[in-house]
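Coordinates from run-v2.pdb are shown below (PDB, C-alpha atoms).
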```pdb
ATOM      1  CA  MET A   1     -39.304  40.862 -52.501
ATOM      2  CA  SER A   2     -35.632  41.491 -51.986
ATOM      3  CA  THR A   3     -36.238  43.074 -48.554
ATOM      4  CA  SER A   4     -38.310  40.125 -47.347
ATOM      5  CA  TYR A   5     -35.646  37.678 -48.527
ATOM      6  CA  HIS A   6     -32.925  39.496 -46.573
ATOM      7  CA  PHE A   7     -35.159  39.614 -43.500
ATOM      8  CA  LEU A   8     -35.690  35.865 -43.602
ATOM      9  CA  ILE A   9     -31.921  35.288 -43.840
ATOM     10  CA  PHE A  10     -31.171  37.574 -40.875
ATOM     11  CA  PHE A  11     -34.036  36.090 -38.874
ATOM     12  CA  GLY A  12     -32.789  32.564 -39.537
ATOM     13  CA  LEU A  13     -29.237  33.460 -38.479
ATOM     14  CA  GLY A  14     -30.585  35.043 -35.298
ATOM     15  CA  VAL A  15     -32.511  31.903 -34.392
ATOM     16  CA  LEU A  16     -29.406  29.750 -34.979
ATOM     17  CA  ALA A  17     -27.319  32.074 -32.799
ATOM     18  CA  VAL A  18     -29.819  31.893 -29.941
ATOM     19  CA  MET A  19     -29.981  28.112 -30.215
ATOM     20  CA  GLY A  20     -26.186  27.936 -30.185
ATOM     21  CA  ASN A  21     -25.944  30.000 -26.996
ATOM     22  CA  ASN A  22     -28.513  27.856 -25.159
ATOM     23  CA  TYR A  23     -27.337  24.455 -26.363
ATOM     24  CA  LYS A  24     -26.052  22.087 -23.670
ATOM     25  CA  ALA A  25     -24.315  18.827 -24.408
ATOM     26  CA  PRO A  26     -25.781  15.695 -22.783
ATOM     27  CA  TYR A  27     -24.265  14.921 -19.359
ATOM     28  CA  GLN A  28     -21.526  12.333 -19.449
ATOM     29  CA  GLN A  29     -20.078  10.539 -16.421
ATOM     30  CA  PRO A  30     -16.406  11.581 -16.105
ATOM     31  CA  LYS A  31     -14.064   8.750 -16.950
ATOM     32  CA  TYR A  32     -12.012   7.535 -14.007
ATOM     33  CA  GLU A  33      -8.283   7.527 -14.624
ATOM     34  CA  PRO A  34      -5.939   5.908 -12.074
ATOM     35  CA  LYS A  35      -3.497   8.240 -10.376
ATOM     36  CA  TYR A  36       0.102   7.947 -11.492
ATOM     37  CA  GLU A  37       2.357   6.500  -8.810
ATOM     38  CA  PRO A  38       5.981   7.724  -8.714
ATOM     39  CA  GLU A  39       8.876   5.260  -8.612
ATOM     40  CA  ILE A  40       9.934   6.549  -5.173
ATOM     41  CA  PRO A  41       7.057   7.838  -2.998
ATOM     42  CA  ALA A  42       7.261  11.020  -0.963
ATOM     43  CA  CYS A  43       6.839   9.104   2.306
ATOM     44  CA  PHE A  44      10.300   7.549   1.787
ATOM     45  CA  LYS A  45      11.851  10.963   2.523
ATOM     46  CA  ASN A  46      10.737  10.677   6.149
ATOM     47  CA  THR A  47      12.170   7.239   6.863
ATOM     48  CA  THR A  48      15.255   5.101   6.404
ATOM     49  CA  LYS A  49      13.135   1.950   6.116
ATOM     50  CA  ASN A  50      11.921   0.173   3.002
ATOM     51  CA  TRP A  51       8.339   0.664   4.118
ATOM     52  CA  CYS A  52       6.076   3.562   5.117
ATOM     53  CA  LEU A  53       3.681   3.481   8.051
ATOM     54  CA  GLU A  54       2.427   6.999   7.278
ATOM     55  CA  ASP A  55       1.693   8.320   3.811
ATOM     56  CA  SER A  56       0.097  11.698   3.097
ATOM     57  CA  GLU A  57      -0.267  10.722  -0.578
ATOM     58  CA  TYR A  58      -1.875   7.329  -0.018
ATOM     59  CA  PRO A  59      -4.419   6.917  -2.881
ATOM     60  CA  ALA A  60      -7.312   5.914  -0.630
ATOM     61  CA  TYR A  61     -10.001   7.201  -3.027
ATOM     62  CA  GLU A  62      -8.582   5.309  -6.004
ATOM     63  CA  VAL A  63      -8.105   2.145  -3.941
ATOM     64  CA  VAL A  64     -11.697   2.143  -2.632
ATOM     65  CA  TYR A  65     -13.044   2.920  -6.124
ATOM     66  CA  GLU A  66     -11.291  -0.124  -7.563
ATOM     67  CA  LEU A  67     -12.167  -2.318  -4.558
ATOM     68  CA  ASP A  68     -15.844  -1.550  -5.125
ATOM     69  CA  LYS A  69     -15.469  -2.223  -8.842
ATOM     70  CA  HIS A  70     -13.752  -5.608  -8.406
ATOM     71  CA  TYR A  71     -15.352  -6.594  -5.110
ATOM     72  CA  GLU A  72     -15.639 -10.376  -5.461
ATOM     73  CA  ALA A  73     -12.295 -10.989  -7.186
ATOM     74  CA  VAL A  74     -10.366  -8.850  -4.679
ATOM     75  CA  LEU A  75     -12.086 -10.431  -1.696
ATOM     76  CA  ALA A  76     -10.994 -13.867  -2.911
ATOM     77  CA  LEU A  77      -7.380 -12.662  -3.052
ATOM     78  CA  TYR A  78      -7.614 -10.973   0.326
ATOM     79  CA  LYS A  79      -8.869 -14.136   2.046
ATOM     80  CA  ASN A  80      -5.725 -15.901   0.880
ATOM     81  CA  VAL A  81      -3.388 -13.514   2.675
ATOM     82  CA  VAL A  82      -5.330 -12.154   5.647
ATOM     83  CA  ALA A  83      -4.438 -13.513   9.080
ATOM     84  CA  ASP A  84      -4.659 -12.378  12.677
ATOM     85  CA  THR A  85      -1.400 -10.932  13.966
ATOM     86  CA  ALA A  86      -1.642 -12.754  17.264
ATOM     87  CA  ASN A  87       1.328 -12.969  19.576
ATOM     88  CA  SER A  88       3.159 -16.239  19.065
ATOM     89  CA  VAL A  89       4.258 -16.500  22.716
ATOM     90  CA  ASP A  90       1.764 -18.145  25.054
ATOM     91  CA  THR A  91       0.656 -16.219  28.171
ATOM     92  CA  LEU A  92       2.404 -13.067  26.947
ATOM     93  CA  SER A  93       0.249 -10.070  27.810
ATOM     94  CA  LYS A  94       2.591  -7.140  27.140
ATOM     95  CA  LEU A  95       5.167  -6.546  24.449
ATOM     96  CA  GLU A  96       7.640  -5.360  27.112
ATOM     97  CA  GLN A  97       7.719  -8.893  28.554
ATOM     98  CA  GLU A  98       9.495 -10.275  25.488
ATOM     99  CA  THR A  99      13.160 -11.048  26.187
ATOM    100  CA  TYR A 100      15.834 -11.730  23.574
ATOM    101  CA  LEU A 101      19.530 -12.616  23.554
ATOM    102  CA  CYS A 102      20.204  -9.575  21.360
ATOM    103  CA  PRO A 103      18.831  -6.052  21.900
ATOM    104  CA  SER A 104      16.023  -5.407  19.454
ATOM    105  CA  GLU A 105      12.918  -3.350  18.788
ATOM    106  CA  THR A 106       9.658  -5.152  18.036
ATOM    107  CA  SER A 107       6.488  -3.682  16.585
ATOM    108  CA  TYR A 108       3.286  -4.821  14.934
ATOM    109  CA  VAL A 109       2.646  -2.603  11.932
ATOM    110  CA  GLN A 110       0.305  -1.957   9.013
ATOM    111  CA  PRO A 111       2.512  -0.712   6.172
ATOM    112  CA  LEU A 112       0.891   1.553   3.580
ATOM    113  CA  ARG A 113       3.753   1.247   1.087
ATOM    114  CA  ALA A 114       6.774  -1.017   0.880
ATOM    115  CA  VAL A 115       9.486  -2.223  -1.488
ATOM    116  CA  ASN A 116       8.712  -5.669  -2.875
ATOM    117  CA  THR A 117      11.254  -8.417  -3.514
ATOM    118  CA  LYS A 118      11.763  -7.055  -7.044
ATOM    119  CA  GLY A 119      12.841  -3.661  -5.711
ATOM    120  CA  LYS A 120       9.613  -1.835  -6.648
ATOM    121  CA  TRP A 121       7.588   0.380  -4.333
ATOM    122  CA  ARG A 122       4.022  -0.849  -4.008
ATOM    123  CA  VAL A 123       0.832   0.506  -2.427
ATOM    124  CA  ILE A 124      -0.353  -2.005   0.183
ATOM    125  CA  ILE A 125      -4.085  -2.291   0.775
ATOM    126  CA  ASN A 126      -4.502  -1.180   4.379
ATOM    127  CA  LYS A 127      -6.931   0.801   6.531
ATOM    128  CA  VAL A 128      -9.612   1.028   3.829
ATOM    129  CA  GLU A 129     -13.145  -0.356   3.601
ATOM    130  CA  SER A 130     -15.312  -1.590   0.734
ATOM    131  CA  TYR A 131     -18.859  -2.937   1.045
ATOM    132  CA  GLY A 132     -18.446  -3.405   4.786
ATOM    133  CA  ILE A 133     -15.165  -5.319   4.471
ATOM    134  CA  LYS A 134     -12.216  -3.734   6.296
ATOM    135  CA  TYR A 135      -8.911  -4.411   4.610
ATOM    136  CA  ASP A 136      -6.138  -4.647   7.216
ATOM    137  CA  GLN A 137      -2.792  -6.378   6.725
ATOM    138  CA  HIS A 138      -0.276  -6.662   9.562
ATOM    139  CA  ALA A 139       3.347  -7.592   9.963
ATOM    140  CA  ARG A 140       5.514  -8.283  12.988
ATOM    141  CA  ILE A 141       8.833  -6.460  12.640
ATOM    142  CA  GLU A 142      11.857  -7.000  14.863
ATOM    143  CA  GLU A 143      15.067  -5.060  14.244
ATOM    144  CA  CYS A 144      18.450  -5.154  15.955
ATOM    145  CA  GLU A 145      18.965  -2.085  18.142
ATOM    146  CA  ASP A 146      21.834   0.400  17.905
ATOM    147  CA  ASP A 147      23.814  -1.411  15.235
ATOM    148  CA  ALA A 148      23.826  -4.583  17.347
ATOM    149  CA  ALA A 149      24.026  -6.729  14.206
ATOM    150  CA  GLY A 150      27.519  -8.195  13.929
ATOM    151  CA  LYS A 151      28.378  -7.606  17.570
ATOM    152  CA  ALA A 152      28.629 -10.184  20.367
ATOM    153  CA  CYS A 153      25.385 -11.249  22.039
ATOM    154  CA  PRO A 154      25.347  -9.399  25.385
ATOM    155  CA  LEU A 155      23.553 -12.185  27.298
ATOM    156  CA  VAL A 156      25.867 -14.983  26.159
ATOM    157  CA  PRO A 157      28.977 -15.738  28.283
ATOM    158  CA  THR A 158      32.143 -14.351  26.740
ATOM    159  CA  CYS A 159      33.687 -17.814  26.763
ATOM    160  CA  TYR A 160      31.588 -18.551  23.683
ATOM    161  CA  GLU A 161      31.825 -17.042  20.264
ATOM    162  CA  SER A 162      28.589 -15.176  19.554
ATOM    163  CA  LYS A 163      27.184 -12.721  17.081
ATOM    164  CA  CYS A 164      23.876 -10.874  16.679
ATOM    165  CA  LEU A 165      22.337 -11.435  13.257
ATOM    166  CA  GLN A 166      19.479  -9.564  11.615
ATOM    167  CA  LYS A 167      17.067 -12.133  10.204
ATOM    168  CA  SER A 168      14.280 -11.429   7.730
ATOM    169  CA  ILE A 169      11.095 -13.151   6.619
ATOM    170  CA  TYR A 170       8.946 -12.916   3.504
ATOM    171  CA  HIS A 171       5.419 -11.557   3.768
ATOM    172  CA  ARG A 172       2.648 -11.750   1.183
ATOM    173  CA  PHE A 173       0.517  -8.619   0.856
ATOM    174  CA  LEU A 174      -2.415  -7.615  -1.316
ATOM    175  CA  VAL A 175      -1.259  -4.557  -3.293
ATOM    176  CA  TYR A 176      -2.749  -1.917  -5.586
ATOM    177  CA  ASP A 177      -1.046  -1.331  -8.941
ATOM    178  CA  PRO A 178      -2.574   1.653 -10.820
ATOM    179  CA  THR A 179      -0.681   0.786 -14.010
ATOM    180  CA  ASP A 180      -2.905  -2.273 -14.531
ATOM    181  CA  TYR A 181      -6.100  -0.878 -16.034
ATOM    182  CA  TYR A 182      -8.124  -4.106 -16.073
ATOM    183  CA  PHE A 183      -7.377  -5.476 -12.597
ATOM    184  CA  PRO A 184      -5.072  -3.277 -10.470
ATOM    185  CA  PHE A 185      -4.621  -5.774  -7.639
ATOM    186  CA  ALA A 186      -2.124  -8.544  -6.991
ATOM    187  CA  ILE A 187      -0.442 -10.524  -4.231
ATOM    188  CA  GLU A 188       3.278  -9.742  -3.993
ATOM    189  CA  THR A 189       6.092 -10.692  -1.622
ATOM    190  CA  PHE A 190       8.008  -8.349   0.684
ATOM    191  CA  LYS A 191      11.124  -9.006   2.749
ATOM    192  CA  LEU A 192      10.864  -7.500   6.237
ATOM    193  CA  PRO A 193      13.083  -7.841   9.357
ATOM    194  CA  ALA A 194      11.773 -10.664  11.533
ATOM    195  CA  SER A 195      14.258 -11.166  14.379
ATOM    196  CA  CYS A 196      17.596 -10.173  15.838
ATOM    197  CA  ALA A 197      18.958 -13.675  16.301
ATOM    198  CA  CYS A 198      21.993 -14.773  18.272
ATOM    199  CA  PHE A 199      24.489 -17.114  16.678
ATOM    200  CA  VAL A 200      26.509 -19.052  19.234
ATOM    201  CA  GLY A 201      29.756 -20.630  18.066
ATOM    202  CA  ALA A 202      32.535 -22.672  19.591
ATOM    203  CA  PHE A 203      33.751 -22.487  23.162
ATOM    204  CA  LYS A 204      36.775 -20.180  23.459
ATOM    205  CA  LEU A 205      39.701 -21.536  25.488
TER
END
```

With the file now loaded, output its structure as structure tokens.
Amino acid sequence: MSTSYHFLIFFGLGVLAVMGNNYKAPYQQPKYEPKYEPEIPACFKNTTKNWCLEDSEYPAYEVVYELDKHYEAVLALYKNVVADTANSVDTLSKLEQETYLCPSETSYVQPLRAVNTKGKWRVIINKVESYGIKYDQHARIEECEDDAAGKACPLVPTCYESKCLQKSIYHRFLVYDPTDYYFPFAIETFKLPASCACFVGAFKL
């Protein structure tokens, strides 16, 4: 009787051990956690600007994931800020045809990151697609060339006081903010260079 009792105990333990080795927990979908965004992005190391046109760490996967998740709400925001970046000068066919009183460089860009008006780096929704909608946001940037700002306008007669001035304009962009768990999108403002203007003063005797 004693031998049979011990056998049953050992047999029971053996069955439990086998069951333990073969047991598999039910599959669970991994929980998505937004990627942490540093205060100063790595792309800033390759530029002196307050915006990045190239970004090797752009969180494209996270952005598309959240765009798909909040499709209708984000699309409503995007329609409020999207606009064609058409040239504002009639009959202008090439950028090289633009002429200004102060030397400047003009470009039409799609920034991937930029510093907002509160001094914070933000991820700008650009060059991504969700449910067939392509998210593209443009900006026209014009900067004074070769430290021209503060110097006399080269095309203005020297008999007049003149000075080249760097002017800026505020842009509204749809951005991605991974720190907001419930809705990581917002429209924020960014100050970007818009023109290298020429101020003309009094006639010099």

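Atom pair CA of Gln166 in chain A / CA of Glu39 in chain A: separated by 27.2 Å.
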
Convert the output of the PyMOL selection byres ((chain A and resi 109) around 7) on the shown file into explicit residues, formatted as an mmCIF file with C-alpha atoms, keeping the file's coordinate frame.
```cif
data_model
loop_
_atom_site.group_PDB
_atom_site.id
_atom_site.type_symbol
_atom_site.label_atom_id
_atom_site.label_comp_id
_atom_site.auth_asym_id
_atom_site.auth_seq_id
_atom_site.Cartn_x
_atom_site.Cartn_y
_atom_site.Cartn_z
ATOM 1 C CA SER A 107 6.488 -3.682 16.585
ATOM 2 C CA TYR A 108 3.286 -4.821 14.934
ATOM 3 C CA GLN A 110 0.305 -1.957 9.013
ATOM 4 C CA PRO A 111 2.512 -0.712 6.172
ATOM 5 C CA HIS A 138 -0.276 -6.662 9.562
ATOM 6 C CA ALA A 139 3.347 -7.592 9.963
ATOM 7 C CA ARG A 140 5.514 -8.283 12.988
#
```

Give one line per residue of range 95-194 of chain A that approaches range 62-82 of chain A to at most 9 Å, naming the two atoms of the closest pair and their distance in Å to one decimal, counting all atoms listed in the file; sort by chain then ascending residue number and deliver it as a Markdown table.
```
| residue | atom | partner | partner_atom | distance |
| --- | --- | --- | --- | --- |
| A:Ile125 | CA | A:Val63 | CA | 7.6 |
| A:Val128 | CA | A:Val64 | CA | 6.9 |
| A:Glu129 | CA | A:Val64 | CA | 6.9 |
| A:Ser130 | CA | A:Asp68 | CA | 5.9 |
| A:Tyr131 | CA | A:Asp68 | CA | 7.0 |
| A:Ile133 | CA | A:Leu75 | CA | 8.6 |
| A:Tyr135 | CA | A:Tyr78 | CA | 7.9 |
| A:Asp136 | CA | A:Val82 | CA | 7.7 |
| A:Gln137 | CA | A:Val82 | CA | 6.4 |
| A:His138 | CA | A:Val82 | CA | 8.4 |
| A:Arg172 | CA | A:Val81 | CA | 6.5 |
| A:Phe173 | CA | A:Val81 | CA | 6.5 |
| A:Leu174 | CA | A:Tyr78 | CA | 6.4 |
| A:Tyr176 | CA | A:Val63 | CA | 6.9 |
| A:Pro178 | CA | A:Glu62 | CA | 8.5 |
| A:Phe183 | CA | A:His70 | CA | 7.6 |
| A:Pro184 | CA | A:Glu66 | CA | 7.6 |
| A:Phe185 | CA | A:Val74 | CA | 7.2 |
| A:Ala186 | CA | A:Leu77 | CA | 7.8 |
| A:Ile187 | CA | A:Leu77 | CA | 7.4 |
```

Translate the PyMOL selection byres ((chain A and resi 149) around 10) into a concrete residue list for this structure, as a PyMOL selection string.
chain A and resi 102-104+143-148+150-153+163-167+196-198

Distance query Lys191 in chain A at most 9 Å, only C-alpha atoms, self and fewer than 5 positions along chain excluded, as a PyMOL selection string
chain A and resi 115-117+168-171

Output file for the residues above (C-alpha atoms, as an mmCIF file, in the frame of the given file):
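Resulting contents of result_5.cif:
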```
data_model
loop_
_atom_site.group_PDB
_atom_site.id
_atom_site.type_symbol
_atom_site.label_atom_id
_atom_site.label_comp_id
_atom_site.auth_asym_id
_atom_site.auth_seq_id
_atom_site.Cartn_x
_atom_site.Cartn_y
_atom_site.Cartn_z
ATOM 1 C CA VAL A 115 9.486 -2.223 -1.488
ATOM 2 C CA ASN A 116 8.712 -5.669 -2.875
ATOM 3 C CA THR A 117 11.254 -8.417 -3.514
ATOM 4 C CA SER A 168 14.280 -11.429 7.730
ATOM 5 C CA ILE A 169 11.095 -13.151 6.619
ATOM 6 C CA TYR A 170 8.946 -12.916 3.504
ATOM 7 C CA HIS A 171 5.419 -11.557 3.768
#
```

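Going from CA of Ser195 in chain A to CA of Tyr58 in chain A covers 28.5 Å.
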
Min atom-atom distance to Gly201 in chain A from the set A:Thr158, A:Gly132, A:Arg122, A:Asn46, counting only C-alpha atoms, belongs to A:Thr158

Could you add whatever atoms are missing so that range 135-147 of chain A carries N, CA and C atoms, then write the result as a PDB file, in the frame of the given file?
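Heads up, here's the output in rebuild_17.pdb:
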```pdb
ATOM      1  N   TYR A 135     -10.145  -3.807   5.100  1.00  0.00           N
ATOM      2  CA  TYR A 135      -8.911  -4.411   4.610  1.00  0.00           C
ATOM      3  C   TYR A 135      -7.744  -3.969   5.499  1.00  0.00           C
ATOM      4  N   ASP A 136      -7.247  -4.908   6.306  1.00  0.00           N
ATOM      5  CA  ASP A 136      -6.138  -4.647   7.216  1.00  0.00           C
ATOM      6  C   ASP A 136      -5.117  -5.768   7.073  1.00  0.00           C
ATOM      7  N   GLN A 137      -3.861  -5.394   6.844  1.00  0.00           N
ATOM      8  CA  GLN A 137      -2.792  -6.378   6.725  1.00  0.00           C
ATOM      9  C   GLN A 137      -1.668  -5.988   7.681  1.00  0.00           C
ATOM     10  N   HIS A 138      -1.246  -6.937   8.514  1.00  0.00           N
ATOM     11  CA  HIS A 138      -0.276  -6.662   9.562  1.00  0.00           C
ATOM     12  C   HIS A 138       1.033  -7.390   9.320  1.00  0.00           C
ATOM     13  N   ALA A 139       2.046  -6.922   9.997  1.00  0.00           N
ATOM     14  CA  ALA A 139       3.347  -7.592   9.963  1.00  0.00           C
ATOM     15  C   ALA A 139       4.040  -7.374  11.303  1.00  0.00           C
ATOM     16  N   ARG A 140       4.704  -8.403  11.776  1.00  0.00           N
ATOM     17  CA  ARG A 140       5.514  -8.283  12.988  1.00  0.00           C
ATOM     18  C   ARG A 140       6.948  -7.988  12.544  1.00  0.00           C
ATOM     19  N   ILE A 141       7.491  -6.883  13.030  1.00  0.00           N
ATOM     20  CA  ILE A 141       8.833  -6.460  12.640  1.00  0.00           C
ATOM     21  C   ILE A 141       9.727  -6.413  13.879  1.00  0.00           C
ATOM     22  N   GLU A 142      10.871  -7.047  13.778  1.00  0.00           N
ATOM     23  CA  GLU A 142      11.857  -7.000  14.863  1.00  0.00           C
ATOM     24  C   GLU A 142      13.215  -6.638  14.268  1.00  0.00           C
ATOM     25  N   GLU A 143      13.794  -5.554  14.769  1.00  0.00           N
ATOM     26  CA  GLU A 143      15.067  -5.060  14.244  1.00  0.00           C
ATOM     27  C   GLU A 143      16.115  -4.994  15.354  1.00  0.00           C
ATOM     28  N   CYS A 144      17.350  -5.290  15.002  1.00  0.00           N
ATOM     29  CA  CYS A 144      18.450  -5.154  15.955  1.00  0.00           C
ATOM     30  C   CYS A 144      18.608  -3.691  16.353  1.00  0.00           C
ATOM     31  N   GLU A 145      18.807  -3.442  17.634  1.00  0.00           N
ATOM     32  CA  GLU A 145      18.965  -2.085  18.142  1.00  0.00           C
ATOM     33  C   GLU A 145      20.399  -1.590  18.007  1.00  0.00           C
ATOM     34  N   ASP A 146      20.536  -0.298  17.790  1.00  0.00           N
ATOM     35  CA  ASP A 146      21.834   0.400  17.905  1.00  0.00           C
ATOM     36  C   ASP A 146      22.985  -0.338  17.221  1.00  0.00           C
ATOM     37  N   ASP A 147      22.764  -0.722  16.004  1.00  0.00           N
ATOM     38  CA  ASP A 147      23.814  -1.411  15.235  1.00  0.00           C
ATOM     39  C   ASP A 147      24.325  -2.659  15.945  1.00  0.00           C
TER      40      ASP A 147
END
```
